[in-house]
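Chemist: Contents are mmCIF, C-alpha atoms; file name upload_32.cif:
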```cif
data_input
#
loop_
_atom_site.label_atom_id
_atom_site.label_comp_id
_atom_site.auth_asym_id
_atom_site.auth_seq_id
_atom_site.Cartn_x
_atom_site.Cartn_y
_atom_site.Cartn_z
CA MET A 6 -4.10 -3.30 27.82
CA PRO A 7 -4.92 0.27 28.82
CA ILE A 8 -5.61 2.52 25.88
CA SER A 9 -4.08 5.97 26.04
CA ALA A 10 -5.34 7.67 22.93
CA PHE A 11 -3.55 10.83 21.87
CA PRO A 12 -5.32 14.11 22.28
CA ASP A 13 -7.68 14.69 19.42
CA ILE A 14 -6.60 17.76 17.51
CA LEU A 15 -9.75 18.16 15.47
CA THR A 16 -12.57 18.11 18.01
CA ASN A 17 -13.67 21.68 18.71
CA ILE A 18 -11.23 23.03 16.14
CA CYS A 19 -13.93 25.29 14.72
CA ASP A 20 -14.44 26.86 18.14
CA GLU A 21 -11.11 28.59 17.59
CA GLU A 22 -11.38 31.92 15.81
CA PRO A 23 -9.02 32.06 14.09
CA ILE A 24 -8.04 28.40 13.95
CA SER A 25 -4.48 28.23 15.23
CA LYS A 26 -1.67 27.97 12.68
CA ASP A 27 -0.21 24.78 14.14
CA LYS A 28 -3.52 22.98 13.59
CA ILE A 29 -3.75 24.35 10.06
CA ASP A 30 -0.19 23.07 9.45
CA TYR A 31 -1.34 19.66 10.67
CA LEU A 32 -4.38 19.67 8.38
CA VAL A 33 -2.27 20.76 5.39
CA ALA A 34 0.18 17.91 6.06
CA ARG A 35 -2.71 15.43 6.26
CA ALA A 36 -4.20 16.72 3.02
CA LYS A 37 -0.86 16.45 1.21
CA LEU A 38 -0.25 12.95 2.52
CA ARG A 39 -3.74 11.82 1.48
CA LEU A 40 -3.33 13.24 -2.01
CA HIS A 41 0.13 11.70 -2.31
CA ASN A 42 -1.18 8.34 -1.16
CA PHE A 43 -4.01 8.57 -3.66
CA ILE A 44 -1.75 9.37 -6.61
CA LEU A 45 0.82 6.78 -5.55
CA SER A 46 -1.80 4.06 -5.20
CA ARG A 47 -3.28 4.87 -8.62
CA PHE A 48 0.20 4.90 -10.12
CA ASN A 49 0.99 1.50 -8.65
CA ILE A 50 -2.21 0.05 -10.04
CA ALA A 51 -1.50 1.54 -13.47
CA GLU A 52 2.11 0.35 -13.29
CA ASP A 53 0.94 -3.21 -12.61
CA LYS A 54 -1.10 -2.96 -15.79
CA GLY A 55 1.93 -1.93 -17.82
CA LEU A 56 2.08 1.84 -17.56
CA ASP A 57 5.67 2.99 -17.06
CA GLN A 58 7.24 6.23 -16.02
CA ALA A 59 8.58 6.85 -19.52
CA THR A 60 5.01 6.88 -20.89
CA ILE A 61 3.85 9.21 -18.14
CA GLY A 62 6.85 11.40 -18.93
CA ARG A 63 5.89 11.59 -22.62
CA ARG A 64 2.33 12.49 -21.65
CA LEU A 65 3.59 15.27 -19.40
CA GLY A 66 6.43 16.33 -21.66
CA ILE A 67 9.09 15.66 -19.02
CA SER A 68 11.86 13.11 -18.46
CA ARG A 69 11.44 9.77 -16.71
CA ALA A 70 13.51 11.09 -13.82
CA GLY A 71 11.20 14.08 -13.64
CA VAL A 72 8.21 11.75 -13.35
CA SER A 73 9.83 9.87 -10.49
CA GLN A 74 10.52 13.15 -8.75
CA LYS A 75 6.99 14.44 -9.32
CA ILE A 76 5.28 11.28 -8.11
CA GLY A 77 7.50 10.89 -5.11
CA VAL A 78 7.57 14.43 -3.82
CA PRO A 79 4.18 15.93 -3.11
CA GLY A 80 5.56 18.89 -1.16
CA ASN A 81 5.22 21.36 -4.00
CA TRP A 82 2.13 19.94 -5.67
CA THR A 83 -0.55 22.36 -6.72
CA ILE A 84 -4.05 21.45 -7.86
CA GLU A 85 -2.78 21.93 -11.41
CA SER A 86 0.29 19.71 -11.08
CA ALA A 87 -1.64 16.95 -9.25
CA THR A 88 -4.35 17.07 -11.90
CA LYS A 89 -1.76 16.79 -14.69
CA LEU A 90 -0.14 13.85 -12.95
CA ALA A 91 -3.46 12.10 -12.48
CA ALA A 92 -4.34 12.70 -16.13
CA ALA A 93 -1.04 11.19 -17.26
CA ILE A 94 -1.75 8.14 -15.07
CA GLY A 95 -5.16 7.87 -16.70
CA GLY A 96 -7.80 9.49 -14.54
CA GLU A 97 -8.85 12.44 -12.48
CA ILE A 98 -9.13 13.22 -8.82
CA ASP A 99 -12.39 13.37 -6.88
CA TYR A 100 -12.78 14.52 -3.29
CA GLU A 101 -14.72 13.47 -0.25
CA TRP A 102 -15.89 15.40 2.77
CA LEU A 103 -14.65 14.29 6.18
CA PRO A 104 -16.50 16.24 8.86
CA PHE A 105 -14.64 17.04 12.04
CA PRO A 106 -15.84 15.30 15.17
CA CYS A 107 -18.57 17.53 16.50
CA SER A 108 -18.14 19.59 19.63
CA GLU A 109 -20.44 19.22 22.64
CA PRO A 110 -22.96 21.90 21.61
CA GLU A 111 -23.10 20.55 18.06
CA SER A 112 -23.80 17.03 19.27
CA LYS A 113 -26.68 18.38 21.32
CA LEU A 114 -28.04 20.14 18.26
CA GLY A 115 -27.90 16.98 16.24
CA THR A 116 -25.72 16.09 13.33
CA LYS A 117 -26.71 18.90 10.98
CA ASN A 118 -23.40 20.70 11.15
CA ALA A 119 -21.30 17.58 11.14
CA SER A 120 -22.93 15.55 8.44
CA ALA A 121 -21.77 15.12 4.89
CA PRO A 122 -23.49 17.11 2.18
CA ALA A 123 -26.59 15.54 0.70
CA GLY A 124 -25.82 12.80 -1.71
CA GLN A 125 -22.46 12.00 -0.20
CA PRO A 126 -21.72 9.25 2.26
CA SER A 127 -21.04 10.52 5.75
CA GLN A 128 -17.80 9.45 7.42
CA PRO A 129 -18.54 9.58 11.12
CA TYR A 130 -15.37 10.33 13.05
CA GLN A 131 -15.06 8.04 16.00
CA LEU A 132 -12.48 6.35 18.15
CA LEU A 133 -12.24 2.84 16.84
CA ASN A 134 -10.78 -0.10 18.67
CA PRO A 135 -7.04 0.38 18.25
CA GLU A 136 -6.33 -3.16 19.39
CA VAL A 137 -7.68 -4.49 16.15
CA VAL A 138 -5.09 -4.12 13.43
CA ARG A 139 -6.80 -4.15 10.08
CA PRO A 140 -5.15 -6.08 7.30
CA LEU A 141 -3.64 -3.93 4.60
CA ASP A 142 -6.08 -3.92 1.73
CA ALA A 143 -5.42 -5.61 -1.52
CA GLU A 144 -5.04 -3.16 -4.35
CA GLU A 145 -8.16 -1.22 -5.05
CA SER A 146 -10.08 -1.90 -8.18
CA ASP A 147 -9.21 0.24 -11.14
CA GLU A 148 -12.69 -0.10 -12.57
CA HIS A 149 -14.57 3.10 -13.20
CA PRO A 150 -17.62 3.08 -10.91
CA GLN A 151 -19.94 3.76 -13.82
CA SER A 152 -18.46 1.19 -16.15
CA MET B 2 13.06 -10.75 18.37
CA LEU B 3 10.55 -8.40 19.99
CA THR B 4 6.91 -9.29 19.54
CA ILE B 5 3.83 -7.11 19.85
CA ALA B 6 3.05 -8.97 23.08
CA ASP B 7 6.48 -8.01 24.49
CA LEU B 8 5.98 -4.41 23.50
CA ASP B 9 2.45 -4.26 24.91
CA ARG B 10 3.77 -5.63 28.20
CA ILE B 11 6.36 -2.85 28.34
CA CYS B 12 3.66 -0.27 27.61
CA GLU B 13 1.50 -1.67 30.42
CA SER B 14 4.17 -1.37 33.08
CA ALA B 15 3.92 1.52 35.52
CA ASN B 16 5.48 4.77 34.28
CA SER B 17 6.38 3.10 31.03
CA PRO B 18 8.55 5.25 28.77
CA LEU B 19 6.96 3.51 25.78
CA HIS B 20 3.47 4.12 24.42
CA LYS B 21 1.37 2.38 21.84
CA ALA B 22 0.39 5.11 19.41
CA VAL B 23 -3.36 5.36 19.25
CA PHE B 24 -4.65 8.11 17.01
CA PRO B 25 -8.28 9.13 17.38
CA GLY B 26 -10.40 8.12 14.42
CA LEU B 27 -7.86 5.70 12.95
CA ARG B 28 -8.21 1.95 12.82
CA PRO B 29 -4.60 0.78 12.69
CA ARG B 30 -3.24 -1.13 9.73
CA ARG B 31 0.29 -0.90 11.03
CA THR B 32 1.46 -0.74 14.63
CA LEU B 33 3.49 2.09 16.09
CA TYR B 34 5.12 2.44 19.49
CA ILE B 35 6.66 5.72 20.55
CA SER B 36 8.88 6.99 23.32
CA ASP B 37 7.78 9.62 25.82
CA LYS B 38 9.86 12.16 23.97
CA VAL B 39 8.28 11.44 20.60
CA ARG B 40 4.86 11.57 22.25
CA GLN B 41 5.62 14.98 23.71
CA PHE B 42 6.70 16.36 20.35
CA ILE B 43 3.82 15.03 18.26
CA THR B 44 1.22 16.07 20.78
CA ALA B 45 2.81 19.54 20.86
CA SER B 46 3.31 19.23 24.61
CA ALA B 47 7.11 19.31 24.82
CA PRO B 48 8.41 22.19 26.95
CA GLY B 49 9.35 25.36 25.11
CA MET B 50 7.64 24.67 21.79
CA ASP B 51 6.59 27.81 19.95
CA LEU B 52 3.73 27.95 17.47
CA LYS B 53 5.93 27.24 14.45
CA THR B 54 7.62 24.26 16.13
CA ARG B 55 4.27 22.88 17.24
CA GLY B 56 3.00 23.13 13.67
CA ARG B 57 6.04 21.32 12.31
CA TRP B 58 5.77 18.46 14.77
CA LEU B 59 2.04 18.16 14.23
CA SER B 60 2.89 17.75 10.53
CA ALA B 61 5.28 14.96 11.50
CA ARG B 62 2.43 13.44 13.49
CA ALA B 63 0.39 13.40 10.28
CA LEU B 64 3.15 11.28 8.71
CA LEU B 65 3.08 8.83 11.63
CA GLU B 66 -0.71 8.67 11.30
CA ALA B 67 -0.32 7.85 7.61
CA PHE B 68 2.01 5.01 8.60
CA VAL B 69 -0.48 3.63 11.13
CA ASP B 70 -3.31 4.11 8.64
CA GLY B 71 -1.53 1.83 6.18
CA LYS B 72 -0.86 4.46 3.52
CA TRP B 73 1.87 4.08 0.91
CA ILE B 74 5.30 4.89 2.31
CA THR B 75 8.17 6.05 0.12
CA ILE B 76 11.65 4.76 0.91
CA LYS B 77 14.93 6.54 0.31
CA SER B 78 17.23 4.92 -2.23
CA LYS B 79 19.71 7.68 -3.01
CA PRO B 80 21.13 10.85 -1.42
CA LYS B 81 19.14 14.09 -1.33
CA SER B 82 15.94 12.10 -1.30
CA ARG B 83 12.64 13.40 -0.02
CA ALA B 84 11.35 9.93 0.82
CA GLU B 85 9.29 9.46 3.96
CA MET B 86 11.46 6.72 5.47
CA ALA B 87 15.09 5.63 5.17
CA ILE B 88 17.28 2.96 6.69
CA LEU B 89 20.45 4.42 8.15
CA CYS B 90 23.97 3.12 7.62
CA PRO B 91 25.05 0.58 8.53
CA PRO B 92 21.80 -1.22 7.62
CA GLU B 93 22.79 -4.16 9.86
CA ASP B 94 21.97 -1.95 12.86
CA GLY B 95 18.33 -1.81 11.78
CA ILE B 96 17.98 1.89 12.55
CA TRP B 97 15.46 3.76 10.40
CA GLU B 98 14.22 7.30 10.28
CA PHE B 99 10.92 8.93 9.50
CA ARG B 100 11.64 12.01 7.43
CA ASP B 101 9.48 15.10 7.25
CA ILE B 102 11.52 17.28 4.96
CA LYS B 103 9.44 20.35 4.17
CA PRO B 104 8.74 23.00 5.19
CA ARG B 105 11.95 23.69 7.07
CA PRO B 106 13.10 22.80 9.63
CA SER B 107 13.43 19.28 8.32
CA LEU B 108 12.52 16.68 10.95
CA ARG B 109 13.68 13.15 11.68
CA ILE B 110 12.38 10.47 14.05
CA LEU B 111 14.77 7.58 14.58
CA GLY B 112 13.35 4.14 15.23
CA SER B 113 13.45 0.48 14.31
CA PHE B 114 11.14 -2.25 13.15
CA ALA B 115 10.33 -4.99 15.65
CA GLU B 116 8.68 -6.96 12.88
CA LYS B 117 7.06 -6.19 9.55
CA ASP B 118 4.73 -3.17 9.89
CA VAL B 119 5.55 -2.79 13.59
CA PHE B 120 7.71 0.26 14.21
CA ILE B 121 9.22 1.67 17.40
CA ALA B 122 9.93 5.41 17.16
CA LEU B 123 12.31 6.57 19.87
CA SER B 124 14.26 9.72 19.04
CA PRO B 125 12.92 12.94 17.50
CA TYR B 126 15.32 15.48 16.02
CA GLU B 127 15.46 18.53 13.84
CA ARG B 128 17.77 17.45 11.02
CA SER B 129 20.15 20.33 11.77
CA GLU B 130 20.79 18.88 15.25
CA LEU B 131 22.21 15.72 13.69
CA GLY B 132 25.00 17.36 11.71
CA ALA B 133 26.48 15.76 8.61
CA LYS B 134 26.63 11.99 8.28
CA GLY B 135 29.68 10.86 10.19
CA SER B 136 29.93 14.05 12.24
CA ALA B 137 30.29 13.94 16.01
CA GLU B 138 26.61 14.94 16.38
CA TRP B 139 25.51 12.17 14.05
CA THR B 140 27.66 9.57 15.76
CA ASN B 141 26.43 10.67 19.19
CA ALA B 142 22.81 10.52 18.06
CA LEU B 143 23.21 6.94 16.85
CA ARG B 144 25.05 5.98 20.04
CA ASP B 145 22.31 7.57 22.16
CA TYR B 146 19.73 5.71 20.11
CA LYS B 147 21.41 2.36 20.68
CA ASP B 148 21.72 3.11 24.42
CA GLN B 149 18.04 3.97 24.57
CA TRP B 150 17.14 0.79 22.72
CA THR B 151 19.23 -1.37 25.05
CA LYS B 152 17.74 0.31 28.12
CA LEU B 153 14.24 -0.44 26.88
CA PHE B 154 14.65 -3.82 25.24
CA GLY B 155 17.82 -5.37 26.61
CA ARG B 156 19.22 -8.10 24.39
CA HIS B 157 16.42 -7.90 21.84
CA GLN B 158 17.65 -6.66 18.48
CA PRO B 159 15.69 -4.68 15.92
CA MET B 160 14.65 -6.32 12.69
CA SER B 161 17.49 -6.06 10.18
CA GLY B 162 19.27 -7.84 7.38
CA TRP B 163 16.78 -7.41 4.55
CA SER B 164 17.51 -5.37 1.47
CA ASP B 165 13.94 -5.31 0.17
CA PRO B 166 11.84 -2.62 1.89
CA HIS B 167 8.76 -4.80 1.50
CA ALA B 168 10.29 -7.09 4.10
CA TYR B 169 9.78 -4.22 6.57
CA ILE B 170 6.77 -2.33 5.30
CA SER B 171 3.77 -3.30 3.27
CA LEU B 172 2.80 -0.83 0.57
CA SER B 173 6.21 0.75 0.30
CA ARG B 174 8.27 1.74 -2.69
CA TYR B 175 11.60 3.30 -3.42
CA LEU B 176 11.11 6.91 -4.24
CA ASP B 177 14.04 7.68 -6.46
#
```
Rewrite the coordinates I just gave you, this time as structure tokens.
Modeler:
Amino acid sequence: MPISAFPDILTNICDEEPISKDKIDYLVARAKLRLHNFILSRFNIAEDKGLDQATIGRRLGISRAGVSQKIGVPGNWTIESATKLAAAIGGEIDYEWLPFPCSEPESKLGTKNASAPAGQPSQPYQLLNPEVVRPLDAEESDEHPQS
Amino acid sequence: MLTIADLDRICESANSPLHKAVFPGLRPRRTLYISDKVRQFITASAPGMDLKTRGRWLSARALLEAFVDGKWITIKSKPKSRAEMAILCPPEDGIWEFRDIKPRPSLRILGSFAEKDVFIALSPYERSELGAKGSAEWTNALRDYKDQWTKLFGRHQPMSGWSDPHAYISLSRYLD
């Protein structure tokens, strides 16, 4: 079937000076949703291993209902509150760099401006075949990468 | 029941009012179809949108992307919830909403599941347009939704009848 991909919001975003507020709003929403998904997935893994909201509450010094509210509602999270939540679940948060798709001049210059920092895996941004629906992954491993 | 093949056929027809949502850079883990109106809002191309409104609807687009990307989705289980999705009353109608609560204005996109992890988003609203549950605005919105559904899909009914959200969405959990 014909593919009508939506306009890409991120290509050439850095050509805007300043970057428009609506695109910043979009990026903020994406960042919050990613962080929420990360915490929620780690919580689900920990929960399967026996961690309950009451324990998290004791670790944070708040009620069980407060834990539910905190985990479920990322809208007001700060770096501090997300870090506390992660610690109470049993870990800490790391970050990865997702370069924007490069604009025309950048692609001609090569990938220097669009590549991940040295030592980090690059996540090339590309239109993938939307006809292929990936299976939802099984739960991620909870093993520490260095263990 | 509607299948993905049925929905793709509708999308393929000339001047189709239904689109398969394809977000650049995302390999889909769930499938999303959207109406022309939803498409206009989440691509910030609806007439008369100011910068603030565009930003809000692009944030709602991020939520739809998270759905397609197979992220965890929180489900409403009690009033005043900030969950990302909720089934509307009566649940037998199979009408759901995506909910993007903050910052204000709070947004809603009404839709239904065709099958598990296959969602059809038809009607975008600012929450304030819908009025209180049971109000004339609310009732009209649900009636309009059902009319729109029937116009698009005829006798086909949305998925309904399950109380467990996992029957509709993988990686979902009650928020509250």
Chemist: What would the selection look like, as a PyMOL selection string, if the PyMOL selection byres ((chain B) within 6 of (chain A)) were run on the coordinates I just shared?
Modeler: chain B and resi 23-26+28-30+55-56+59-60+63+73+176
Chemist: Quick one: distance from CA of Phe99 (chain B) to CA of Ser82 (chain B) in Å, one decimal?
Modeler: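 Distance reported for this atom pair: 12.3 Å.
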Chemist: Which residues of region 86-160 of chain B come within 8 Å of region 33-53 of chain B, and for each one, what is the closest pair of atoms and their distance in Å to one decimal, counting only C-alpha atoms, sorted by chain and residue number, as a Markdown table?
Modeler:
```
| residue | atom | partner | partner_atom | distance |
| --- | --- | --- | --- | --- |
| B:Ile110 | CA | B:Val39 | CA | 7.8 |
| B:Val119 | CA | B:Leu33 | CA | 5.9 |
| B:Phe120 | CA | B:Leu33 | CA | 5.0 |
| B:Ile121 | CA | B:Tyr34 | CA | 4.7 |
| B:Ala122 | CA | B:Ile35 | CA | 4.7 |
| B:Leu123 | CA | B:Ser36 | CA | 4.9 |
| B:Ser124 | CA | B:Val39 | CA | 6.4 |
| B:Pro125 | CA | B:Val39 | CA | 5.8 |
```
Chemist: Would you export the selected residues with C-alpha atoms as a tab-separated table (two decimals), in the frame of the given file, please?
Modeler:
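The resulting file, result.tsv, is shown below:
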```tsv
chain	number	residue	atom	x	y	z
B	110	ILE	CA	12.38	10.47	14.05
B	119	VAL	CA	5.55	-2.79	13.59
B	120	PHE	CA	7.71	0.26	14.21
B	121	ILE	CA	9.22	1.67	17.40
B	122	ALA	CA	9.93	5.41	17.16
B	123	LEU	CA	12.31	6.57	19.87
B	124	SER	CA	14.26	9.72	19.04
B	125	PRO	CA	12.92	12.94	17.50
```
Chemist: Within 6 Å of Arg69 (chain A), counting only C-alpha atoms, which residues show up once you throw out same-chain ones fewer than 2 positions away? Write them as a list in words, please.
Modeler: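 Those residues are Gln58, Ala59, Gly62, Gly71 and Val72 of chain A.
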Chemist: What does the structure give for the distance between CA of Phe114 (chain B) and CA of Met160 (chain B), in Å to one decimal?
Modeler: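 So the two atoms, CA of Phe114 (chain B) and CA of Met160 (chain B), lie 5.4 Å apart.
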Chemist: Could you state the separation of CA of Ser17 (chain B) and CA of Ser171 (chain B) in Å, given to one decimal place?
Modeler: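 That distance, rounded to one decimal, is 28.6 Å.
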Chemist: Applied to the shown file, which residues does the PyMOL selection byres ((chain B and resi 77) around 6) return, written as an MDAnalysis selection string?
Modeler: chainID B and resid 76 78:79 82 84 87 175:176
Chemist: Taking all atoms listed in the file into account, name the residue in B:Ala142, B:Leu108, B:Ala6, B:Leu89 that is nearest to Tyr126 (chain B).
Modeler: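 Looking only at the distances to Tyr126 (chain B), the closest residue turns out to be B:Leu108.
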Chemist: Run through the PyMOL selection byres ((chain A and resi 98) around 9) on the given coordinates and return the selected residues as a list in words.
Modeler: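 Output of the PyMOL selection byres ((chain A and resi 98) around 9): Leu40, Phe43, Ile44, Ala87, Thr88, Ala91, Ala92, Gly96, Glu97, Asp99 and Tyr100 of chain A.
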Chemist: Would you compute an axis-aligned box for region 53-57 of chain B, covering every atom listed for it in the file with 6 Å of margin on each side, and report centre and edge lengths in Å to one decimal as lines of an AutoDock Vina configuration file?
Modeler:
```
center_x = 5.3
center_y = 24.3
center_z = 14.8
size_x = 16.6
size_y = 17.9
size_z = 16.9
```
